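Chemist: Here you go, this is run.cif (mmCIF, C-alpha atoms).
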```cif
data_my_file
loop_
_atom_site.label_atom_id
_atom_site.label_comp_id
_atom_site.auth_asym_id
_atom_site.auth_seq_id
_atom_site.Cartn_x
_atom_site.Cartn_y
_atom_site.Cartn_z
CA MET R 1 141.04 142.94 184.47
CA PHE R 2 143.95 145.23 183.65
CA TYR R 3 144.57 148.95 184.00
CA ARG R 4 147.10 151.41 182.67
CA TYR R 5 148.32 154.47 184.57
CA ILE R 6 149.38 157.47 182.53
CA SER R 7 151.06 160.83 183.03
CA TYR R 8 151.79 161.99 179.50
CA PRO R 9 149.25 164.38 177.91
CA VAL R 10 150.05 163.17 174.39
CA GLU R 11 149.04 159.61 175.29
CA ILE R 12 145.83 160.82 176.91
CA GLN R 13 145.04 162.77 173.74
CA GLN R 14 145.70 159.63 171.70
CA ILE R 15 143.21 157.62 173.76
CA VAL R 16 140.52 160.28 173.34
CA ALA R 17 141.16 160.90 169.64
CA GLU R 18 141.81 157.35 168.44
CA ARG R 19 140.27 155.09 171.10
CA LYS R 20 143.64 153.37 171.19
CA ILE R 21 145.70 152.54 174.29
CA GLN R 22 149.38 152.31 173.52
CA SER R 23 152.54 153.99 174.67
CA THR R 24 153.64 156.86 172.46
CA ASN R 25 157.28 155.87 172.94
CA PRO R 26 158.59 154.40 169.66
CA SER R 27 162.01 153.49 170.99
CA GLU R 28 160.98 150.17 172.56
CA GLY R 29 158.40 149.22 169.94
CA PHE R 30 155.62 151.19 171.69
CA ALA R 31 155.93 148.84 174.67
CA THR R 32 152.98 149.46 176.97
CA TRP R 33 152.73 148.49 180.65
CA TYR R 34 149.61 147.42 182.55
CA THR R 35 148.74 146.15 185.98
CA PRO R 36 145.79 144.07 187.20
CA THR R 37 145.41 146.35 190.23
CA ARG R 38 142.81 149.11 190.28
CA TYR R 39 144.30 151.96 192.27
CA ASN R 40 141.97 154.76 193.32
CA ASN R 41 144.84 156.63 194.94
CA PRO R 42 147.56 157.69 192.48
CA ALA R 43 150.10 157.79 195.30
CA GLU R 44 149.46 154.10 195.90
CA ALA R 45 150.00 153.36 192.19
CA LYS R 46 153.23 155.36 192.31
CA SER R 47 154.43 153.41 195.32
CA GLU R 48 153.49 149.87 194.26
CA LEU R 49 154.55 150.32 190.64
CA ALA R 50 157.66 152.28 191.71
CA LEU R 51 156.93 155.18 189.36
CA ARG R 52 158.83 158.47 189.45
CA THR R 53 155.77 160.67 189.08
CA LEU R 54 152.14 160.50 190.11
CA PRO R 55 149.93 159.21 187.33
CA THR R 56 147.27 161.67 186.25
CA HIS R 57 144.93 159.14 184.59
CA ARG R 58 143.85 155.51 184.80
CA VAL R 59 142.41 153.68 181.81
CA GLY R 60 140.57 150.36 182.11
CA PRO R 61 139.31 147.86 183.02
CA ILE R 62 140.51 145.76 180.11
CA PRO R 63 139.44 142.10 180.37
CA LEU R 64 142.32 139.64 180.38
CA ASP R 65 141.09 137.97 177.20
CA GLU R 66 141.23 141.32 175.37
CA LEU R 67 144.81 142.04 176.39
CA PRO R 68 147.25 141.42 173.53
CA PRO R 69 150.15 138.94 173.87
CA LEU R 70 152.55 139.89 176.66
CA ASP R 71 156.31 140.03 176.28
CA ILE R 72 157.05 140.70 179.98
CA GLY R 73 155.25 139.50 183.09
CA PRO R 74 153.29 139.14 185.09
CA ARG R 75 156.01 140.03 187.55
CA ARG R 76 156.40 142.11 190.69
CA ALA R 77 157.76 145.64 190.19
CA ASP R 78 161.29 146.18 191.48
CA PRO R 79 161.96 148.80 194.12
CA ALA R 80 163.05 152.09 192.54
CA ASP R 81 163.72 155.66 193.55
CA GLY R 82 162.73 155.15 197.18
CA GLU R 83 159.49 153.34 196.34
CA PRO R 84 159.07 149.71 197.41
CA GLY R 85 157.42 148.47 194.21
CA GLY R 86 155.84 145.04 194.57
CA GLY R 87 152.82 145.73 192.38
CA THR R 88 152.15 143.37 189.50
CA GLU R 89 153.09 144.58 186.03
CA VAL R 90 152.90 143.22 182.50
CA ARG R 91 154.05 144.58 179.14
CA THR R 92 152.79 144.26 175.59
CA ARG R 93 153.96 145.83 172.34
CA HIS R 94 150.48 145.78 170.82
CA PRO R 95 147.68 148.35 171.07
CA VAL R 96 144.36 147.86 172.81
CA TRP R 97 141.39 149.30 170.94
CA LEU R 98 138.58 150.75 172.99
CA PHE R 99 134.87 150.62 172.37
CA GLY R 100 133.58 153.83 170.82
CA LEU R 101 130.56 155.36 169.11
CA TRP R 102 131.71 156.98 165.85
CA ALA R 103 129.47 159.45 164.11
CA PHE R 104 130.05 159.38 160.33
CA PRO R 105 130.69 162.67 158.51
CA SER R 106 127.46 164.25 157.37
CA GLY R 107 126.13 167.58 156.25
CA GLY R 108 129.60 169.05 155.90
CA SER R 109 130.70 168.10 159.41
CA GLU R 110 133.62 165.80 160.01
CA GLY R 111 133.32 162.41 161.65
CA ARG R 112 133.65 162.40 165.44
CA TRP R 113 133.46 160.22 168.52
CA ASP R 114 130.16 160.72 170.31
CA LEU R 115 131.15 158.33 173.10
CA MET K 1 159.50 168.06 185.22
CA THR K 2 156.97 170.84 185.33
CA ALA K 3 156.45 172.95 188.43
CA ASP K 4 153.63 170.68 189.59
CA GLY K 5 155.83 167.61 189.32
CA ARG K 6 154.31 166.21 186.13
CA PRO K 7 156.67 165.16 183.36
CA ARG K 8 157.01 167.17 180.23
CA GLU K 9 156.72 165.34 176.96
CA ILE K 10 159.82 163.23 176.66
CA ARG K 11 162.15 163.28 173.67
CA PHE K 12 162.08 159.51 173.52
CA GLU K 13 164.45 159.04 170.59
CA ALA K 14 166.95 161.63 171.82
CA LEU K 15 167.51 159.70 175.01
CA ASN K 16 168.23 156.38 173.36
CA HIS K 17 171.86 157.13 172.57
CA VAL K 18 172.39 157.74 176.30
CA PHE K 19 170.78 154.39 177.06
CA ASN K 20 173.03 152.71 174.47
CA ILE K 21 176.07 153.96 176.41
CA ILE K 22 174.63 152.93 179.76
CA GLU K 23 173.73 149.46 178.48
CA GLN K 24 177.26 148.91 177.13
CA LEU K 25 178.62 149.84 180.56
CA TYR K 26 176.13 147.50 182.26
CA TYR K 27 177.19 144.57 180.06
CA ALA K 28 180.85 145.32 180.80
CA ILE K 29 180.07 145.31 184.54
CA ILE K 30 178.12 142.03 184.26
CA SER K 31 181.10 140.44 182.55
CA ARG K 32 183.74 141.90 184.86
CA LEU K 33 181.92 141.05 188.12
CA LYS K 34 180.35 137.85 186.77
CA LEU K 35 176.93 138.90 188.03
CA GLU K 36 174.49 136.01 188.24
CA ARG K 37 171.04 135.90 186.61
CA ALA K 38 171.67 139.38 185.21
CA SER K 39 169.43 141.27 182.80
CA VAL K 40 169.30 144.78 181.35
CA GLU K 41 166.13 146.68 180.51
CA ARG K 42 165.21 150.23 179.49
CA TRP K 43 162.07 152.38 179.46
CA ARG K 44 159.74 151.08 182.12
CA TRP K 45 156.21 152.54 182.20
CA ASP K 46 157.51 155.14 179.67
CA GLU K 47 159.92 156.46 182.26
CA PRO K 48 163.46 157.08 181.01
CA VAL K 49 165.40 154.55 183.04
CA ALA K 50 167.91 151.82 182.25
CA THR K 51 168.00 149.02 184.78
CA LEU K 52 170.57 146.36 185.56
CA ARG K 53 169.03 143.53 187.58
CA TRP K 54 170.79 140.53 189.08
CA SER K 55 170.54 138.29 192.10
CA SER K 56 172.86 136.48 194.43
CA GLY K 57 171.80 134.11 197.15
CA ASN K 58 168.14 134.82 197.82
CA VAL K 59 168.56 138.59 197.39
CA SER K 60 167.47 140.40 194.22
CA ARG K 61 169.40 143.53 193.33
CA ASN K 62 169.20 146.34 190.81
CA VAL K 63 170.78 149.57 189.67
CA HIS K 64 168.62 152.18 187.95
CA ALA K 65 170.06 154.98 185.82
CA PHE K 66 167.31 157.60 185.50
CA ILE K 67 167.57 160.43 183.02
CA ASP K 68 166.16 163.66 184.41
CA SER K 69 165.62 166.33 181.77
CA ASP K 70 165.82 170.06 182.34
CA SER K 71 164.20 172.89 180.45
CA ALA K 72 167.50 173.88 178.79
CA GLY K 73 167.68 170.66 176.75
CA GLY K 74 170.14 168.93 179.04
CA GLY K 75 169.74 167.07 182.26
CA ARG K 76 171.41 164.49 184.44
CA ILE K 77 171.79 160.78 184.95
CA ARG K 78 170.79 159.86 188.48
CA VAL K 79 171.76 156.45 189.83
CA ASP K 80 169.78 154.56 192.43
CA ALA K 81 170.40 151.02 193.73
CA ASN K 82 168.21 148.53 195.57
CA ALA K 83 168.33 145.12 197.17
CA TRP K 84 165.25 143.18 198.21
CA VAL K 85 163.76 139.83 199.21
CA ASP K 86 160.08 138.86 199.06
CA PHE K 87 158.99 136.54 201.88
CA PRO K 88 155.65 134.77 201.74
CA VAL K 89 153.79 135.01 205.04
CA GLU K 90 150.55 133.46 206.27
CA GLY K 91 147.68 133.47 203.83
CA LYS K 92 148.36 135.18 200.52
CA ALA K 93 150.43 138.07 201.85
CA VAL K 94 154.03 138.75 200.94
CA VAL K 95 156.49 140.90 202.86
CA ARG K 96 159.19 142.75 200.95
CA ARG K 97 162.36 143.53 202.87
CA TRP K 98 164.30 146.13 200.91
CA SER K 99 166.96 148.80 200.97
CA ASN K 100 167.45 151.75 198.66
CA VAL K 101 170.65 153.72 198.05
CA SER K 102 170.79 157.09 196.27
CA VAL K 103 174.17 156.71 194.62
CA GLY K 104 174.74 160.02 192.87
CA GLN K 105 174.36 161.82 189.58
CA ILE K 106 176.29 163.27 186.67
CA GLU K 107 175.30 166.12 184.43
CA LEU K 108 174.36 165.75 180.77
CA SER K 109 175.17 168.63 178.48
CA ARG K 110 172.70 170.16 176.06
CA GLY K 111 171.50 167.52 173.59
CA TYR K 112 171.98 164.79 176.20
CA GLU K 113 175.69 164.35 175.51
CA VAL K 114 177.57 162.16 177.96
CA ARG K 115 180.78 164.11 178.52
CA GLU K 116 182.61 161.68 180.77
CA THR K 117 181.93 158.02 180.13
CA GLY K 118 184.53 157.11 182.77
CA ALA K 119 182.67 159.08 185.43
CA LEU K 120 179.42 157.40 184.42
CA GLU K 121 181.02 153.96 184.59
CA ASN K 122 182.35 154.75 188.06
CA LEU K 123 178.91 155.86 189.20
CA LEU K 124 177.25 152.69 187.89
CA MET K 125 179.94 150.55 189.45
CA GLN K 126 179.47 152.39 192.73
CA GLY K 127 175.76 151.55 192.49
CA VAL K 128 176.46 147.86 191.97
CA ARG K 129 178.92 147.73 194.85
CA SER K 130 176.54 149.61 197.19
CA VAL K 131 174.05 146.72 197.17
CA SER K 132 176.05 143.70 196.01
CA GLU K 133 177.09 142.58 199.49
CA LEU K 134 173.83 143.28 201.33
CA LYS K 135 172.32 140.26 203.04
CA ALA K 136 168.61 139.70 203.71
CA GLU K 137 168.95 140.56 207.41
CA GLN K 138 170.54 143.93 206.52
CA LEU K 139 167.55 145.12 204.47
CA LYS K 140 166.06 147.82 206.65
CA ASN K 141 162.66 148.55 205.07
CA LYS K 142 159.63 146.27 205.36
CA THR K 143 156.54 146.57 203.16
CA PHE K 144 153.49 144.30 202.95
CA LEU K 145 152.59 143.50 199.37
CA ARG K 146 149.36 142.26 197.83
CA GLY K 147 149.31 138.49 197.51
#
```
Show the structure stored in the file as structure tokens.

Modeler:
Amino acid sequence: MFYRYISYPVEIQQIVAERKIQSTNPSEGFATWYTPTRYNNPAEAKSELALRTLPTHRVGPIPLDELPPLDIGPRRADPADGEPGGGTEVRTRHPVWLFGLWAFPSGGSEGRWDL
Amino acid sequence: MTADGRPREIRFEALNHVFNIIEQLYYAIISRLKLERASVERWRWDEPVATLRWSSGNVSRNVHAFIDSDSAGGGRIRVDANAWVDFPVEGKAVVRRWSNVSVGQIELSRGYEVRETGALENLLMQGVRSVSELKAEQLKNKTFLRG
């Protein structure tokens, strides 16, 4: 199982609106990082993944066989910015599409996600 | 950063010309110092950082150049360096011995312009030198990692 930890509101909005998990950063081909570790404490995610800021959201679990091809990892995170790192991280340039229940447009209302 | 410590939306494309400069300097340093098993990477977990990683002996080393943005459209490049070794211990556990050095920072003008490439090169070089001679027994921090 894999999880992604997020801090950027625009990416959270993308997940909710499109049921798509992918970085919103175009500059590295929308490269998107995941870890197999489920952190319930964001401070622990920040420490083991050596992140600069506390993640605000976790998305997952994503089964391994549904994860797109990886271009980096699995590897241990380097130390950075006073954090030890050591958590496992992987990277893909492809999106992950989430299960959703889409209500078709009807009676003048637009289509929407019900779940 | 916002007042509560969360990042603002990042101007991803605007920062890439800064990373292009940093990467050129990294490759020059790799060549000049003949760093072994060296690699350069940018944008990790969507965080604006360019990393030079290399190893010598059994010690892994890195220099990170973080870009911190301010609300006026400028910011700073902050350099941080690390050396570490992962030791397997009994069972599946791993111990990481590591050291971290806050090297310094330089200001970026509005629009993320790098005013003094020479000063940036000196800062990156200072980062490399701050960890390049560290030996495993000199790494002062100890952290248990998941197996």

Chemist: Which residues come within 12 Å of K:Arg76, counting only C-alpha atoms, excluding same-chain residues fewer than 5 positions away, as a PDB file with C-alpha atoms, in the coordinates of the input?

Modeler:
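File result13.pdb, as written:
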```
ATOM      1  CA  LEU K  15     167.510 159.700 175.010  1.00  0.00           C
ATOM      2  CA  VAL K  18     172.390 157.740 176.300  1.00  0.00           C
ATOM      3  CA  PRO K  48     163.460 157.080 181.010  1.00  0.00           C
ATOM      4  CA  VAL K  49     165.400 154.550 183.040  1.00  0.00           C
ATOM      5  CA  ALA K  65     170.060 154.980 185.820  1.00  0.00           C
ATOM      6  CA  PHE K  66     167.310 157.600 185.500  1.00  0.00           C
ATOM      7  CA  ILE K  67     167.570 160.430 183.020  1.00  0.00           C
ATOM      8  CA  ASP K  68     166.160 163.660 184.410  1.00  0.00           C
ATOM      9  CA  SER K  69     165.620 166.330 181.770  1.00  0.00           C
ATOM     10  CA  ASP K  70     165.820 170.060 182.340  1.00  0.00           C
ATOM     11  CA  SER K  71     164.200 172.890 180.450  1.00  0.00           C
ATOM     12  CA  GLY K 104     174.740 160.020 192.870  1.00  0.00           C
ATOM     13  CA  GLN K 105     174.360 161.820 189.580  1.00  0.00           C
ATOM     14  CA  ILE K 106     176.290 163.270 186.670  1.00  0.00           C
ATOM     15  CA  GLU K 107     175.300 166.120 184.430  1.00  0.00           C
ATOM     16  CA  LEU K 108     174.360 165.750 180.770  1.00  0.00           C
ATOM     17  CA  SER K 109     175.170 168.630 178.480  1.00  0.00           C
ATOM     18  CA  ARG K 110     172.700 170.160 176.060  1.00  0.00           C
ATOM     19  CA  GLY K 111     171.500 167.520 173.590  1.00  0.00           C
ATOM     20  CA  TYR K 112     171.980 164.790 176.200  1.00  0.00           C
ATOM     21  CA  GLU K 113     175.690 164.350 175.510  1.00  0.00           C
ATOM     22  CA  VAL K 114     177.570 162.160 177.960  1.00  0.00           C
ATOM     23  CA  ARG K 115     180.780 164.110 178.520  1.00  0.00           C
ATOM     24  CA  LEU K 120     179.420 157.400 184.420  1.00  0.00           C
TER      25      LEU K 120
END
```

Chemist: Taking 3 positions as the minimum chain separation for residues in the same chain, which residues sit within 12 Å of K:Pro88 when counting all atoms listed in the file? Answer as a PyMOL selection string.

Modeler: chain K and resi 85+91-97+143-147

Chemist: Quick one: write out the picked residues with C-alpha atoms as an mmCIF file, in the frame of the given file?

Modeler:
```cif
data_model
loop_
_atom_site.group_PDB
_atom_site.id
_atom_site.type_symbol
_atom_site.label_atom_id
_atom_site.label_comp_id
_atom_site.auth_asym_id
_atom_site.auth_seq_id
_atom_site.Cartn_x
_atom_site.Cartn_y
_atom_site.Cartn_z
ATOM 1 C CA VAL K 85 163.760 139.830 199.210
ATOM 2 C CA GLY K 91 147.680 133.470 203.830
ATOM 3 C CA LYS K 92 148.360 135.180 200.520
ATOM 4 C CA ALA K 93 150.430 138.070 201.850
ATOM 5 C CA VAL K 94 154.030 138.750 200.940
ATOM 6 C CA VAL K 95 156.490 140.900 202.860
ATOM 7 C CA ARG K 96 159.190 142.750 200.950
ATOM 8 C CA ARG K 97 162.360 143.530 202.870
ATOM 9 C CA THR K 143 156.540 146.570 203.160
ATOM 10 C CA PHE K 144 153.490 144.300 202.950
ATOM 11 C CA LEU K 145 152.590 143.500 199.370
ATOM 12 C CA ARG K 146 149.360 142.260 197.830
ATOM 13 C CA GLY K 147 149.310 138.490 197.510
#
```

Chemist: Mind giving me the straight-line distance from atom CA of R:Thr35 to atom CA of K:Leu139 in Å, one decimal?

Modeler: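 A separation of 26.4 Å between them.
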
Chemist: Using only C-alpha atoms, which residue out of R:Pro9, R:Gly87, R:Pro55, R:Gly73 lies closest to R:Thr24?

Modeler: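 The shortest atom-to-atom distance to R:Thr24 comes from R:Pro9.
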
Chemist: The PyMOL selection byres ((chain R) within 10 of (chain K)) - which residues does that actually catch in the file I just gave you? List them as an MDAnalysis selection string.

Modeler: chainID R and resid 4:11 23:28 30:34 37 48:56 76:91

Chemist: Compile the contact shell of K:Gly57 as a PyMOL selection string: residues with an atom at most 10 Å away, counting only C-alpha atoms, same-chain residues fewer than 3 positions apart removed.

Modeler: chain K and resi 36+60+135-136

Chemist: Once the PyMOL selection byres ((chain R and resi 64) around 12) is applied to the coordinates I shared, what remains selected? I want it as a PyMOL selection string.

Modeler: chain R and resi 1-3+34-36+60-63+65-70+74+90+96

Chemist: Output C-alpha atoms of each residue in that selection to a file, as a short mmCIF file (atom, residue, chain, number, x, y, z; two decimals), keeping the file's coordinate frame.

Modeler:
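The new file again31.cif reads:
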```cif
data_model
loop_
_atom_site.label_atom_id
_atom_site.label_comp_id
_atom_site.auth_asym_id
_atom_site.auth_seq_id
_atom_site.Cartn_x
_atom_site.Cartn_y
_atom_site.Cartn_z
CA MET R 1 141.04 142.94 184.47
CA PHE R 2 143.95 145.23 183.65
CA TYR R 3 144.57 148.95 184.00
CA TYR R 34 149.61 147.42 182.55
CA THR R 35 148.74 146.15 185.98
CA PRO R 36 145.79 144.07 187.20
CA GLY R 60 140.57 150.36 182.11
CA PRO R 61 139.31 147.86 183.02
CA ILE R 62 140.51 145.76 180.11
CA PRO R 63 139.44 142.10 180.37
CA ASP R 65 141.09 137.97 177.20
CA GLU R 66 141.23 141.32 175.37
CA LEU R 67 144.81 142.04 176.39
CA PRO R 68 147.25 141.42 173.53
CA PRO R 69 150.15 138.94 173.87
CA LEU R 70 152.55 139.89 176.66
CA PRO R 74 153.29 139.14 185.09
CA VAL R 90 152.90 143.22 182.50
CA VAL R 96 144.36 147.86 172.81
#
```

Chemist: In terms of the shortest atom-to-atom distance over all atoms listed in the file, which of K:Leu52, K:Val59, K:Ile77, K:Ile30 is closest to K:Ala119?

Modeler: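 Of K:Leu52, K:Val59, K:Ile77, K:Ile30, the one nearest K:Ala119, counting all atoms listed in the file, is K:Ile77.
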
Chemist: Using the chain letters and numbers from the file, which residues does the PyMOL selection byres ((chain R and resi 101) around 10) grab, as a list in words?

Modeler: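 Output of the PyMOL selection byres ((chain R and resi 101) around 10): Arg19, Phe99, Gly100, Trp102, Ala103, Phe104, Arg112, Trp113, Asp114 and Leu115 of chain R.
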
Chemist: Expressed in Å to a single decimal, how great is the separation between atom CA of R:Ile21 and atom CA of K:Val40?

Modeler: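 Rounded to one decimal, the two atoms are 25.8 Å apart.
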
Chemist: Given only C-alpha atoms as the basis, pick out the residue of K:Ser31, K:Gln24, K:Asn58, K:Asn122 nearest to K:Glu137.

Modeler: K:Asn58

Chemist: Quick check, in Å to one decimal: how far apart do atom CA of K:Tyr27 and atom CA of K:Glu41 lie?

Modeler: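 If I compute the distance from atom CA of K:Tyr27 to atom CA of K:Glu41, I get 11.3 Å.
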
Chemist: Only N, CA and C atoms, as a short mmCIF file (atom, residue, chain, number, x, y, z; two decimals), in the first residue's frame: that is what I want for stretch 37-69 of chain R.

Modeler:
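Final output, result-v4.cif:
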```cif
data_model
loop_
_atom_site.label_atom_id
_atom_site.label_comp_id
_atom_site.auth_asym_id
_atom_site.auth_seq_id
_atom_site.Cartn_x
_atom_site.Cartn_y
_atom_site.Cartn_z
N THR R 37 4.50 4.07 3.89
CA THR R 37 4.25 4.18 5.33
C THR R 37 3.01 5.03 5.60
N ARG R 38 2.13 4.47 6.43
CA ARG R 38 0.93 5.21 6.85
C ARG R 38 1.25 5.95 8.14
N TYR R 39 1.40 7.25 8.04
CA TYR R 39 1.67 8.07 9.22
C TYR R 39 0.36 8.66 9.71
N ASN R 40 0.08 8.46 11.00
CA ASN R 40 -1.08 9.13 11.60
C ASN R 40 -0.70 10.47 12.21
N ASN R 41 0.58 10.64 12.43
CA ASN R 41 1.09 11.89 12.99
C ASN R 41 1.85 12.65 11.90
N PRO R 42 1.35 13.83 11.50
CA PRO R 42 2.04 14.55 10.42
C PRO R 42 3.48 14.93 10.76
N ALA R 43 3.74 15.11 12.06
CA ALA R 43 5.12 15.45 12.45
C ALA R 43 6.07 14.29 12.16
N GLU R 44 5.53 13.07 12.31
CA GLU R 44 6.36 11.90 12.01
C GLU R 44 6.62 11.80 10.51
N ALA R 45 5.61 12.10 9.70
CA ALA R 45 5.80 12.12 8.24
C ALA R 45 6.83 13.18 7.87
N LYS R 46 6.73 14.34 8.49
CA LYS R 46 7.69 15.42 8.21
C LYS R 46 9.11 14.98 8.55
N SER R 47 9.25 14.30 9.67
CA SER R 47 10.58 13.88 10.10
C SER R 47 11.16 12.78 9.21
N GLU R 48 10.39 11.72 8.97
CA GLU R 48 10.92 10.57 8.24
C GLU R 48 11.05 10.84 6.75
N LEU R 49 10.22 11.72 6.22
CA LEU R 49 10.33 12.06 4.79
C LEU R 49 11.16 13.32 4.59
N ALA R 50 11.62 13.91 5.70
CA ALA R 50 12.47 15.11 5.66
C ALA R 50 11.79 16.23 4.85
N LEU R 51 10.56 16.54 5.24
CA LEU R 51 9.81 17.59 4.57
C LEU R 51 10.02 18.91 5.30
N ARG R 52 9.86 20.02 4.59
CA ARG R 52 10.03 21.32 5.23
C ARG R 52 8.82 21.72 6.05
N THR R 53 7.65 21.30 5.60
CA THR R 53 6.42 21.73 6.28
C THR R 53 5.57 20.51 6.65
N LEU R 54 4.73 20.69 7.64
CA LEU R 54 3.83 19.61 8.04
C LEU R 54 2.81 19.36 6.93
N PRO R 55 2.63 18.10 6.53
CA PRO R 55 1.55 17.84 5.59
C PRO R 55 0.20 18.09 6.25
N THR R 56 -0.75 18.54 5.45
CA THR R 56 -2.09 18.78 5.99
C THR R 56 -3.03 17.61 5.68
N HIS R 57 -2.70 16.81 4.65
CA HIS R 57 -3.57 15.72 4.23
C HIS R 57 -2.75 14.47 3.87
N ARG R 58 -3.40 13.33 4.03
CA ARG R 58 -2.86 12.06 3.55
C ARG R 58 -3.88 11.46 2.60
N VAL R 59 -3.43 10.94 1.47
CA VAL R 59 -4.35 10.25 0.57
C VAL R 59 -3.82 8.84 0.33
N GLY R 60 -4.72 7.87 0.37
CA GLY R 60 -4.37 6.47 0.24
C GLY R 60 -5.30 5.66 1.11
N PRO R 61 -5.13 4.34 1.18
CA PRO R 61 -4.04 3.56 0.60
C PRO R 61 -4.27 3.27 -0.89
N ILE R 62 -3.18 3.20 -1.61
CA ILE R 62 -3.19 2.83 -3.01
C ILE R 62 -2.44 1.50 -3.12
N PRO R 63 -3.12 0.45 -3.56
CA PRO R 63 -2.43 -0.85 -3.66
C PRO R 63 -1.24 -0.76 -4.61
N LEU R 64 -0.22 -1.52 -4.29
CA LEU R 64 1.00 -1.51 -5.09
C LEU R 64 0.71 -1.77 -6.57
N ASP R 65 -0.21 -2.70 -6.85
CA ASP R 65 -0.44 -3.04 -8.26
C ASP R 65 -1.25 -1.97 -8.99
N GLU R 66 -1.71 -0.94 -8.27
CA GLU R 66 -2.39 0.17 -8.93
C GLU R 66 -1.50 1.42 -9.03
N LEU R 67 -0.30 1.28 -8.52
CA LEU R 67 0.65 2.41 -8.61
C LEU R 67 1.29 2.38 -9.99
N PRO R 68 1.34 3.53 -10.68
CA PRO R 68 1.93 3.56 -12.02
C PRO R 68 3.43 3.26 -11.95
N PRO R 69 4.07 3.11 -13.12
CA PRO R 69 5.51 2.84 -13.15
C PRO R 69 6.30 3.92 -12.41
#
```
